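Source file: start24.cif. Holds: mmCIF, C-alpha atoms.
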data_coords
#
loop_
_atom_site.label_atom_id
_atom_site.label_comp_id
_atom_site.auth_asym_id
_atom_site.auth_seq_id
_atom_site.Cartn_x
_atom_site.Cartn_y
_atom_site.Cartn_z
CA MET L 1 -31.15 4.22 -19.04
CA SER L 2 -30.51 4.97 -15.39
CA ASP L 3 -33.42 5.50 -13.02
CA LEU L 4 -34.17 9.13 -12.15
CA ILE L 5 -34.09 10.28 -8.55
CA GLU L 6 -35.66 13.60 -7.54
CA ILE L 7 -33.78 15.44 -4.79
CA GLU L 8 -34.29 19.00 -3.60
CA ASP L 9 -31.36 21.28 -4.45
CA LEU L 10 -30.51 21.95 -0.82
CA ASP L 11 -30.42 18.22 -0.06
CA VAL L 12 -28.28 17.02 -2.97
CA GLN L 13 -24.86 17.10 -1.32
CA GLU L 14 -25.96 15.48 1.94
CA ARG L 15 -27.94 12.79 0.11
CA PHE L 16 -24.95 11.91 -2.06
CA PHE L 17 -22.67 11.77 0.99
CA GLU L 18 -25.17 9.59 2.86
CA GLU L 19 -25.51 7.18 -0.07
CA GLY L 20 -21.72 6.90 -0.47
CA TRP L 21 -21.84 8.22 -4.04
CA THR L 22 -19.00 10.69 -3.61
CA ASP L 23 -15.27 10.48 -2.93
CA GLY L 24 -15.67 12.64 0.16
CA LEU L 25 -15.80 15.90 -1.79
CA PRO L 26 -18.87 17.81 -2.98
CA ILE L 27 -20.23 16.94 -6.41
CA VAL L 28 -22.08 18.62 -9.26
CA PRO L 29 -25.64 17.23 -9.37
CA PRO L 30 -25.90 14.97 -12.46
CA THR L 31 -29.16 16.28 -13.89
CA PRO L 32 -30.47 14.68 -17.10
CA ASP L 33 -29.62 17.78 -19.14
CA ARG L 34 -26.05 17.87 -17.86
CA VAL L 35 -25.56 14.18 -18.52
CA LEU L 36 -26.97 14.53 -22.04
CA ASP L 37 -24.70 17.51 -22.76
CA MET L 38 -21.73 15.42 -21.64
CA MET L 39 -22.60 12.55 -23.98
CA LEU L 40 -23.34 14.84 -26.93
CA ALA L 41 -19.95 16.51 -26.54
CA ALA L 42 -18.42 13.13 -27.37
CA GLY L 43 -20.85 12.56 -30.23
CA VAL L 44 -22.50 9.64 -28.41
CA THR L 45 -26.28 9.40 -28.45
CA ASP L 46 -26.91 5.88 -27.19
CA PRO L 47 -26.60 5.92 -23.38
CA ASP L 48 -26.27 2.14 -23.32
CA ASP L 49 -23.10 1.99 -25.44
CA VAL L 50 -20.63 -0.13 -23.48
CA LEU L 51 -17.13 1.18 -22.86
CA GLY L 52 -15.94 -2.02 -21.24
CA THR L 53 -16.68 -4.65 -18.64
CA VAL L 54 -15.30 -6.28 -15.52
CA PRO L 55 -16.53 -9.84 -16.11
CA GLN L 56 -15.33 -11.06 -12.70
CA ARG L 57 -18.05 -8.84 -11.23
CA GLY L 58 -20.60 -9.09 -14.03
CA LEU L 59 -20.42 -5.31 -14.47
CA ALA L 60 -20.41 -3.03 -17.50
CA VAL L 61 -19.59 0.66 -17.77
CA THR L 62 -21.92 2.40 -20.19
CA VAL L 63 -21.51 5.84 -21.70
CA GLU L 64 -24.36 7.12 -19.54
CA LYS L 65 -22.77 5.85 -16.32
CA ALA L 66 -19.50 7.45 -17.37
CA ALA L 67 -21.25 10.73 -18.15
CA ILE L 68 -23.07 10.78 -14.81
CA ASN L 69 -19.78 10.45 -12.94
CA ALA L 70 -18.04 12.98 -15.20
CA VAL L 71 -20.73 15.53 -14.36
CA MET L 72 -20.38 14.73 -10.68
CA ALA L 73 -16.61 15.18 -10.90
CA GLY L 74 -17.01 18.68 -12.33
CA CYS L 75 -15.90 17.95 -15.91
CA ARG L 76 -16.71 20.29 -18.73
CA PRO L 77 -18.37 18.47 -21.66
CA GLU L 78 -15.30 18.95 -23.86
CA TYR L 79 -13.29 16.78 -21.44
CA PHE L 80 -15.57 13.79 -21.92
CA PRO L 81 -13.84 12.23 -24.97
CA ILE L 82 -10.68 12.04 -22.83
CA VAL L 83 -12.65 10.48 -19.96
CA ILE L 84 -14.07 7.87 -22.36
CA ALA L 85 -10.58 6.95 -23.59
CA GLY L 86 -9.29 6.70 -20.02
CA LEU L 87 -12.15 4.43 -18.96
CA SER L 88 -11.74 2.26 -22.06
CA ALA L 89 -8.09 1.82 -21.10
CA MET L 90 -8.93 1.08 -17.47
CA LEU L 91 -11.44 -1.56 -18.57
CA ASP L 92 -8.98 -3.35 -20.85
CA PRO L 93 -8.30 -6.81 -19.36
CA ALA L 94 -4.57 -6.05 -19.35
CA PHE L 95 -5.15 -3.30 -16.78
CA ASN L 96 -6.95 -5.80 -14.56
CA ALA L 97 -9.33 -3.29 -12.97
CA HIS L 98 -10.86 -6.04 -10.84
CA THR L 99 -7.62 -6.41 -8.88
CA ALA L 100 -6.06 -2.97 -9.28
CA THR L 101 -9.03 -1.14 -7.76
CA THR L 102 -9.50 -3.48 -4.80
CA SER L 103 -6.03 -4.54 -3.67
CA THR L 104 -4.62 -3.71 -0.25
CA GLY L 105 -1.89 -1.82 -2.11
CA GLY L 106 -4.30 1.02 -2.81
CA ALA L 107 -3.42 1.85 -6.40
CA ALA L 108 -4.35 5.13 -8.01
CA ILE L 109 -5.33 5.24 -11.66
CA CYS L 110 -2.52 7.46 -12.92
CA THR L 111 -3.81 9.07 -16.12
CA ILE L 112 -1.40 10.59 -18.64
CA VAL L 113 -2.72 12.55 -21.63
CA SER L 114 -0.41 13.08 -24.61
CA GLY L 115 -1.45 14.97 -27.73
CA PRO L 116 -3.10 18.13 -29.01
CA MET L 117 -6.46 17.68 -27.27
CA ALA L 118 -4.75 18.06 -23.89
CA ARG L 119 -3.83 21.63 -24.77
CA GLU L 120 -7.17 22.31 -26.46
CA VAL L 121 -9.14 21.55 -23.29
CA GLY L 122 -6.68 23.41 -21.06
CA MET L 123 -4.90 20.55 -19.29
CA ASN L 124 -1.75 21.39 -17.36
CA GLY L 125 1.61 19.79 -18.15
CA THR L 126 3.92 22.44 -16.71
CA HIS L 127 4.10 24.07 -13.25
CA ASN L 128 2.34 21.97 -10.61
CA ALA L 129 1.37 19.37 -13.21
CA LEU L 130 0.91 16.69 -10.54
CA GLY L 131 -0.77 19.07 -8.11
CA SER L 132 -3.93 21.10 -7.72
CA GLY L 133 -5.31 24.13 -9.50
CA ASN L 134 -6.24 22.87 -12.97
CA ARG L 135 -9.85 21.95 -13.56
CA ALA L 136 -9.25 19.60 -16.49
CA ASN L 137 -6.50 17.61 -14.77
CA ALA L 138 -8.44 17.37 -11.52
CA THR L 139 -11.84 16.46 -12.89
CA ILE L 140 -10.82 14.05 -15.66
CA GLY L 141 -8.88 11.95 -13.17
CA ARG L 142 -11.64 12.29 -10.59
CA ALA L 143 -14.28 11.12 -13.08
CA ILE L 144 -12.35 7.93 -13.80
CA ARG L 145 -11.94 7.25 -10.09
CA LEU L 146 -15.62 7.94 -9.37
CA VAL L 147 -16.57 5.35 -12.00
CA ALA L 148 -14.29 2.85 -10.25
CA GLY L 149 -16.13 3.54 -7.00
CA ASN L 150 -19.72 4.06 -8.08
CA VAL L 151 -19.95 1.55 -10.93
CA LEU L 152 -17.32 -1.04 -10.06
CA GLY L 153 -17.87 -0.85 -6.30
CA ALA L 154 -14.24 0.00 -5.49
CA LYS L 155 -14.80 2.28 -2.53
CA SER L 156 -14.01 2.26 1.17
CA GLY L 157 -16.46 0.01 2.94
CA GLY L 158 -17.01 -1.83 -0.33
CA LEU L 159 -14.52 -3.66 -2.49
CA ASP L 160 -11.60 -1.25 -2.04
CA GLY L 161 -9.23 -3.06 0.32
CA SER L 162 -6.58 -0.31 0.52
CA SER L 163 -4.52 -0.64 3.67
CA MET L 164 -3.24 2.95 3.45
CA GLY L 165 -4.30 4.57 0.17
CA HIS L 166 -2.86 7.91 -0.97
CA PRO L 167 -4.14 11.27 -2.28
CA GLY L 168 -3.77 10.15 -5.90
CA LYS L 169 -6.89 8.08 -5.36
CA TYR L 170 -8.91 11.29 -5.53
CA THR L 171 -7.29 12.14 -8.84
CA LEU L 172 -3.89 11.64 -10.47
CA CYS L 173 -4.08 13.03 -13.98
CA PHE L 174 -1.76 15.29 -15.97
CA ALA L 175 -0.82 16.26 -19.48
CA GLU L 176 2.47 15.71 -21.22
CA ASP L 177 4.40 18.93 -21.81
CA PRO L 178 5.36 18.44 -25.49
CA PRO L 179 9.02 17.38 -25.52
CA ARG L 180 11.87 19.19 -27.24
CA ALA L 181 12.94 18.02 -30.69
CA PRO L 182 14.06 15.51 -31.74
CA TRP L 183 11.93 13.70 -29.16
CA GLN L 184 8.42 12.79 -30.28
CA PRO L 185 5.37 12.99 -28.02
CA LEU L 186 4.80 9.93 -25.85
CA SER L 187 1.75 9.11 -27.98
CA ALA L 188 3.92 8.77 -31.09
CA ASP L 189 6.49 6.63 -29.30
CA LEU L 190 3.64 4.36 -28.23
CA GLY L 191 2.83 3.81 -31.89
CA PHE L 192 -0.04 6.22 -32.48
CA ASP L 193 -0.27 8.87 -35.20
CA ALA L 194 1.28 12.28 -34.62
CA ASP L 195 -2.11 14.03 -34.54
CA ASP L 196 -3.68 11.56 -32.10
CA THR L 197 -4.39 12.34 -28.49
CA VAL L 198 -3.68 9.29 -26.35
CA VAL L 199 -4.61 8.47 -22.76
CA THR L 200 -2.38 6.07 -20.83
CA VAL L 201 -3.52 4.69 -17.48
CA VAL L 202 -1.11 3.09 -15.02
CA PRO L 203 -2.02 1.59 -11.61
CA THR L 204 0.40 3.37 -9.30
CA GLU L 205 1.51 4.25 -5.84
CA GLY L 206 1.90 7.93 -5.01
CA PRO L 207 4.47 10.17 -6.75
CA ARG L 208 7.98 10.69 -5.34
CA GLN L 209 9.74 13.94 -6.17
CA VAL L 210 13.23 13.48 -7.62
CA ALA L 211 15.67 16.29 -6.90
CA ASN L 212 19.01 16.83 -8.61
CA HIS L 213 19.82 20.51 -8.91
CA LEU L 214 23.52 20.39 -9.76
CA VAL L 215 24.20 17.61 -12.26
CA GLU L 216 23.79 17.93 -16.05
CA ASP L 217 25.68 14.81 -17.12
CA PRO L 218 22.83 12.55 -18.31
CA GLU L 219 24.27 9.32 -16.93
CA ARG L 220 24.87 10.68 -13.44
CA LEU L 221 21.55 12.50 -13.53
CA LEU L 222 19.64 9.35 -14.42
CA LEU L 223 21.35 7.45 -11.62
CA THR L 224 19.30 9.66 -9.29
CA PHE L 225 16.13 8.35 -10.91
CA ALA L 226 17.41 4.77 -10.75
CA ALA L 227 18.03 5.22 -7.03
CA ALA L 228 14.42 6.34 -6.57
CA MET L 229 13.18 3.40 -8.61
CA LYS L 230 14.93 0.72 -6.58
CA VAL L 231 14.21 1.96 -3.07
CA PRO L 232 13.47 -1.29 -1.17
CA SER L 233 10.25 0.10 0.32
CA ASN L 234 8.74 0.36 -3.18
CA PHE L 235 6.78 -2.86 -3.49
CA VAL L 236 7.93 -3.50 -7.07
CA SER L 237 11.66 -3.07 -6.36
CA GLY L 238 13.29 -6.29 -7.55
CA LYS L 239 9.91 -7.79 -8.46
CA GLY L 240 9.42 -6.45 -12.00
CA GLY L 241 6.82 -3.69 -12.08
CA GLN L 242 6.29 -0.65 -14.24
CA GLY L 243 7.00 2.98 -13.51
CA VAL L 244 6.30 6.50 -14.72
CA VAL L 245 9.30 8.82 -14.91
CA VAL L 246 8.10 12.41 -15.09
CA LEU L 247 11.10 14.21 -16.56
CA GLY L 248 11.10 17.84 -15.46
CA HIS L 249 12.23 20.84 -17.49
CA GLU L 250 15.93 20.99 -16.61
CA HIS L 251 16.40 17.23 -16.53
CA HIS L 252 14.70 16.81 -19.90
CA LEU L 253 16.84 19.57 -21.35
CA ALA L 254 20.02 17.93 -20.04
CA VAL L 255 19.36 14.54 -21.62
CA VAL L 256 18.14 15.94 -24.96
CA GLU L 257 21.09 18.31 -25.33
CA ALA L 258 23.41 15.39 -24.61
CA GLY L 259 21.86 13.52 -27.54
CA TRP L 260 19.95 10.93 -25.53
CA SER L 261 16.67 9.62 -26.93
CA ARG L 262 13.69 8.56 -24.85
CA ARG L 263 14.67 4.97 -25.64
CA ASP L 264 18.18 5.63 -24.33
CA VAL L 265 16.66 6.84 -21.06
CA GLN L 266 14.38 3.81 -20.82
CA GLU L 267 17.20 1.35 -21.45
CA PHE L 268 19.55 3.03 -19.01
CA LEU L 269 16.96 3.13 -16.22
CA ALA L 270 15.88 -0.48 -16.77
CA GLU L 271 19.48 -1.58 -16.27
CA ALA L 272 20.50 0.88 -13.54
CA SER L 273 17.43 0.10 -11.40
CA ARG L 274 18.33 -3.58 -11.05
CA ILE L 275 18.86 -4.41 -7.40
CA THR L 276 20.71 -7.12 -5.46
CA PRO L 277 19.11 -9.30 -2.79
CA GLU L 278 21.65 -7.80 -0.37
CA GLU L 279 20.38 -4.28 -1.11
CA LEU L 280 16.82 -5.41 -0.45
CA ARG L 281 17.81 -7.08 2.81
CA ALA L 282 19.73 -3.97 3.85
CA GLY L 283 16.44 -2.14 3.55
CA GLY L 284 14.73 -4.70 5.76
CA ILE L 285 13.07 -6.58 2.88
CA ASP L 286 13.48 -10.36 2.79
CA LEU L 287 12.90 -12.36 -0.36
CA PRO L 288 9.89 -14.59 0.28
CA GLU L 289 10.22 -18.29 -0.39
CA GLY L 290 7.75 -19.89 -2.76
CA SER L 291 6.66 -16.49 -4.08
CA SER L 292 4.55 -16.21 -7.22
CA HIS L 293 6.98 -13.51 -8.38
CA ASP L 294 10.25 -14.31 -10.13
CA LEU L 295 12.84 -13.55 -7.44
CA VAL L 296 15.74 -15.48 -8.93
CA PRO L 297 18.68 -13.12 -9.55
CA GLY L 298 20.03 -12.92 -13.08
CA PRO L 299 23.62 -13.65 -14.15
CA ASP L 300 24.62 -10.23 -12.75
CA GLY L 301 23.33 -11.26 -9.31
CA LYS L 302 20.54 -8.66 -9.48
CA LEU L 303 16.77 -8.58 -9.73
CA ALA L 304 14.80 -6.45 -12.18
CA THR L 305 12.78 -3.57 -10.81
CA VAL L 306 11.22 -3.18 -14.28
CA PRO L 307 11.16 -6.22 -16.61
CA THR L 308 11.99 -4.33 -19.82
CA PRO L 309 12.76 -0.79 -21.00
CA ASP L 310 9.18 -0.62 -22.33
CA ASP L 311 7.98 -0.78 -18.73
CA VAL L 312 9.52 2.64 -18.01
CA PHE L 313 7.10 5.33 -19.19
CA VAL L 314 9.15 8.51 -19.67
CA VAL L 315 6.93 11.59 -19.80
CA THR L 316 8.00 15.24 -20.03
CA ALA L 317 6.07 17.49 -17.64
CA GLY L 318 6.62 20.11 -14.97
CA GLY L 319 7.71 23.74 -14.89
CA ALA L 320 11.15 25.29 -14.99
CA GLY L 321 12.81 25.59 -11.61
CA ALA L 322 15.94 24.23 -10.03
CA GLY L 323 15.92 20.64 -11.25
CA TRP L 324 12.83 18.76 -10.11
CA SER L 325 11.25 15.65 -11.57
CA ALA L 326 9.12 12.80 -10.22
CA TYR L 327 8.90 9.04 -10.18
CA ILE L 328 5.60 7.17 -9.83
CA PRO L 329 6.04 3.42 -9.26
CA SER L 330 3.42 0.91 -10.26
CA TRP L 331 1.47 -0.68 -7.47
CA ALA L 332 2.37 -4.32 -8.17
CA PRO L 333 4.54 -6.55 -10.37
CA VAL L 334 3.31 -7.26 -13.87
CA ASP L 335 3.76 -11.03 -13.67
CA VAL L 336 1.08 -13.45 -12.45
CA ALA L 337 -1.61 -11.47 -14.31
CA MET L 338 -1.15 -8.25 -12.35
CA ALA L 339 -2.17 -4.97 -13.94
CA ARG L 340 -0.26 -3.30 -16.76
CA ALA L 341 -0.39 0.17 -18.27
CA VAL L 342 -2.84 0.52 -21.16
CA SER L 343 -3.14 3.29 -23.76
CA ARG L 344 -6.17 4.33 -25.79
CA ARG L 345 -6.62 6.88 -28.55
CA VAL L 346 -9.14 9.65 -27.85
CA ARG L 347 -11.93 9.42 -30.37
CA PRO L 348 -12.89 12.89 -31.60
CA PRO L 349 -16.55 13.91 -31.24
CA GLY L 350 -18.63 12.26 -33.91
CA GLU L 351 -16.45 9.20 -34.38
CA ALA L 352 -18.55 6.23 -33.39
CA LEU L 353 -17.49 3.84 -30.67
CA PRO L 354 -16.72 0.39 -32.07
CA ASP L 355 -18.81 -2.65 -31.31
CA CYS L 356 -15.57 -4.50 -30.76
CA GLY L 357 -11.97 -3.59 -31.49
CA PRO L 358 -8.74 -2.23 -30.03
CA ASP L 359 -10.55 0.76 -28.50
CA GLY L 360 -13.18 -1.21 -26.62
CA CYS L 361 -15.79 -3.91 -27.04
CA GLU L 362 -19.47 -4.35 -26.57
CA VAL L 363 -19.83 -7.82 -25.08
CA THR L 364 -22.45 -10.11 -23.61
CA LEU L 365 -22.06 -10.11 -19.86
CA PRO L 366 -21.95 -13.42 -17.96
CA PRO L 367 -24.47 -14.01 -15.20
CA MET L 368 -23.62 -12.13 -12.01
CA GLY L 369 -20.90 -13.86 -10.06
CA GLU L 370 -19.55 -15.97 -12.94
CA ASP L 371 -16.31 -15.38 -14.80
CA SER L 372 -16.23 -15.26 -18.59
#
Do you think you could lay out the structure here as structure tokens?
Amino acid sequence: MSDLIEIEDLDVQERFFEEGWTDGLPIVPPTPDRVLDMMLAAGVTDPDDVLGTVPQRGLAVTVEKAAINAVMAGCRPEYFPIVIAGLSAMLDPAFNAHTATTSTGGAAICTIVSGPMAREVGMNGTHNALGSGNRANATIGRAIRLVAGNVLGAKSGGLDGSSMGHPGKYTLCFAEDPPRAPWQPLSADLGFDADDTVVTVVPTEGPRQVANHLVEDPERLLLTFAAAMKVPSNFVSGKGGQGVVVLGHEHHLAVVEAGWSRRDVQEFLAEASRITPEELRAGGIDLPEGSSHDLVPGPDGKLATVPTPDDVFVVTAGGAGAGWSAYIPSWAPVDVAMARAVSRRVRPPGEALPDCGPDGCEVTLPPMGEDS
């Protein structure tokens, strides 16, 4: 259990700012009753249940620590099962939280929620899905980021080495707008059951809006996305990263009515986003010698911006308008043990957390400072 600190109501905000326990915004005081309500909403009664670890730092994230930060972020208790799934994904070794939350690249933890629970708790997947105004979107993402700062130490002045950073480091969380038939929800395409709610976390740079108001031909339309994906100033262009394609209303309608599947879109974008060394150099980017990344052009003379179609996460979201979408590139290449996207099923309230399994593990931590 965490130690209790008594602070007068009028002093709470200033004390939290002084201690560096916030992200620069006011917080909700995490009183014991509020923290308990948060845990009970997820059906968890043991505050010491472990959601995951960062063994490089000898740190564990417990349910209680997660609940404290969820309260601080302004979450309603019914959001907490989604927060737990997001943190379990972030703490998967494949995500590599140790590096993703401290790199000079300043990655956000882009959090995508697909499935019925997103609608049940009031998440937004339509107008302004990537923006402000929705409590669930804002506070779920903020809770995950506060855990990264307060529990893992990834904050300015601490382990966060961001050279620039971007606003998504406050929160970058949105719901999938359920796609038109015959497309399945992203959760189903990722291999989960149709009734599951699934949280996918991706370490990303900031979103780029993609505008194409006039074209309905799917191939020409998707070339606009490919152009955004292989902009030389994106760090992963030609280096093999991942990316989130947020397919807006009109663009989604165009590809579905043309008979394209999500897989068709992924395969087309993986191929069309390949880039030549000459294109990189024209953008002022030289190919480093002796790099740890694979920068040897393929038989077509090009380099992969995404290694495989599976590395393009195509999500339907956004409101109807004049033809807007977005592209969110990953923060770093996936080779040499860099971070990858990870998905976790949201466990409904009352379903026990596993001691060890695909949704998280309870492990014995190594001594501080030693790797496992």
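Here the PyMOL selection byres ((chain L and resi 334) around 10) matches the residues Ala94, Phe95, Val236, Lys239, Gly240, Gly241, Gln242, His293, Val306, Pro307, Asp311, Ser330, Trp331, Ala332, Pro333, Asp335, Val336, Ala337, Met338, Ala339, Arg340 and Ala341 of chain L.
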On this structure, the PyMOL selection byres ((chain L and resi 274) around 12) would catch which residues? List them as a PyMOL selection string, sorted by chain and number. chain L and resi 223+226-232+236-241+267-273+275-280+295+297-309
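Using the PyMOL selection byres ((chain L and resi 320) around 8) on this structure selects Thr126, His127, Gly248, His249, Glu250, Gly318, Gly319, Gly321, Ala322 and Gly323 of chain L.
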Tell me, as a PyMOL selection string, which residues lie within 12 Å of Val265 (chain L), counting only C-alpha atoms; anything in the same chain fewer than 2 positions away does not count. chain L and resi 183+218-223+225-226+245-247+251-252+254-256+258-263+267-273+309-315
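One distance worth recording is that between CA of Pro288 (chain L) and CA of Ser233 (chain L), which is 14.7 Å.
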Which residues, protein or nucleic acid, reach to within 9 Å of (0.5, 3.4, -28.8) in the file's coordinates when using all atoms listed in the file, and can you give that as a ChimeraX atom specification? /L:186-193,198,200,342-345
Please work out which residues fall within 10 Å of (1.1, 18.2, -21.9), coordinates as given in the file, with all atoms listed in the file counting, and return them as a ChimeraX atom specification. /L:112-119,122-126,129,174-179,185-186,315-318
Grab the CA of Asp196 (chain L) to CA of Leu87 (chain L) distance for me, in Å with one decimal place.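 CA of Asp196 (chain L) sits 17.2 Å away from CA of Leu87 (chain L).
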Excluding Asp23 (chain L) and any residue of its chain fewer than 2 positions from it, enumerate the residues within 7 Å of it, using all atoms listed in the file, and give them as an MDAnalysis selection string. chainID L and resid 25 146 170
Go ahead and compute the interatomic distance for CA of Ala136 (chain L) and CA of Gly168 (chain L), in Å to one decimal. 15.2 Å
Closest-contact table, region 15-117 of chain L side, partner region 202-213 of chain L, 7 Å, counting only C-alpha atoms, as a tab-separated table:
residue	atom	partner	partner_atom	distance
L:Ala100	CA	L:Pro203	CA	6.5
L:Ala107	CA	L:Thr204	CA	5.0
L:Ala108	CA	L:Thr204	CA	5.2
L:Ile109	CA	L:Pro203	CA	4.9
L:Cys110	CA	L:Val202	CA	5.0
L:Thr111	CA	L:Val202	CA	6.7
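For Leu36 (chain L), the non-local neighbours within 12 Å, defined as residues at least 4 positions apart in the same chain or in other chains and counting all atoms listed in the file, are Met1, Pro30, Thr31, Pro32, Leu40, Ala41, Ala42, Gly43, Val44, Thr45, Asp46, Pro47, Val63, Glu64, Lys65, Ala66, Ala67, Ile68, Ala70, Val71, Pro77 and Phe80 of chain L.
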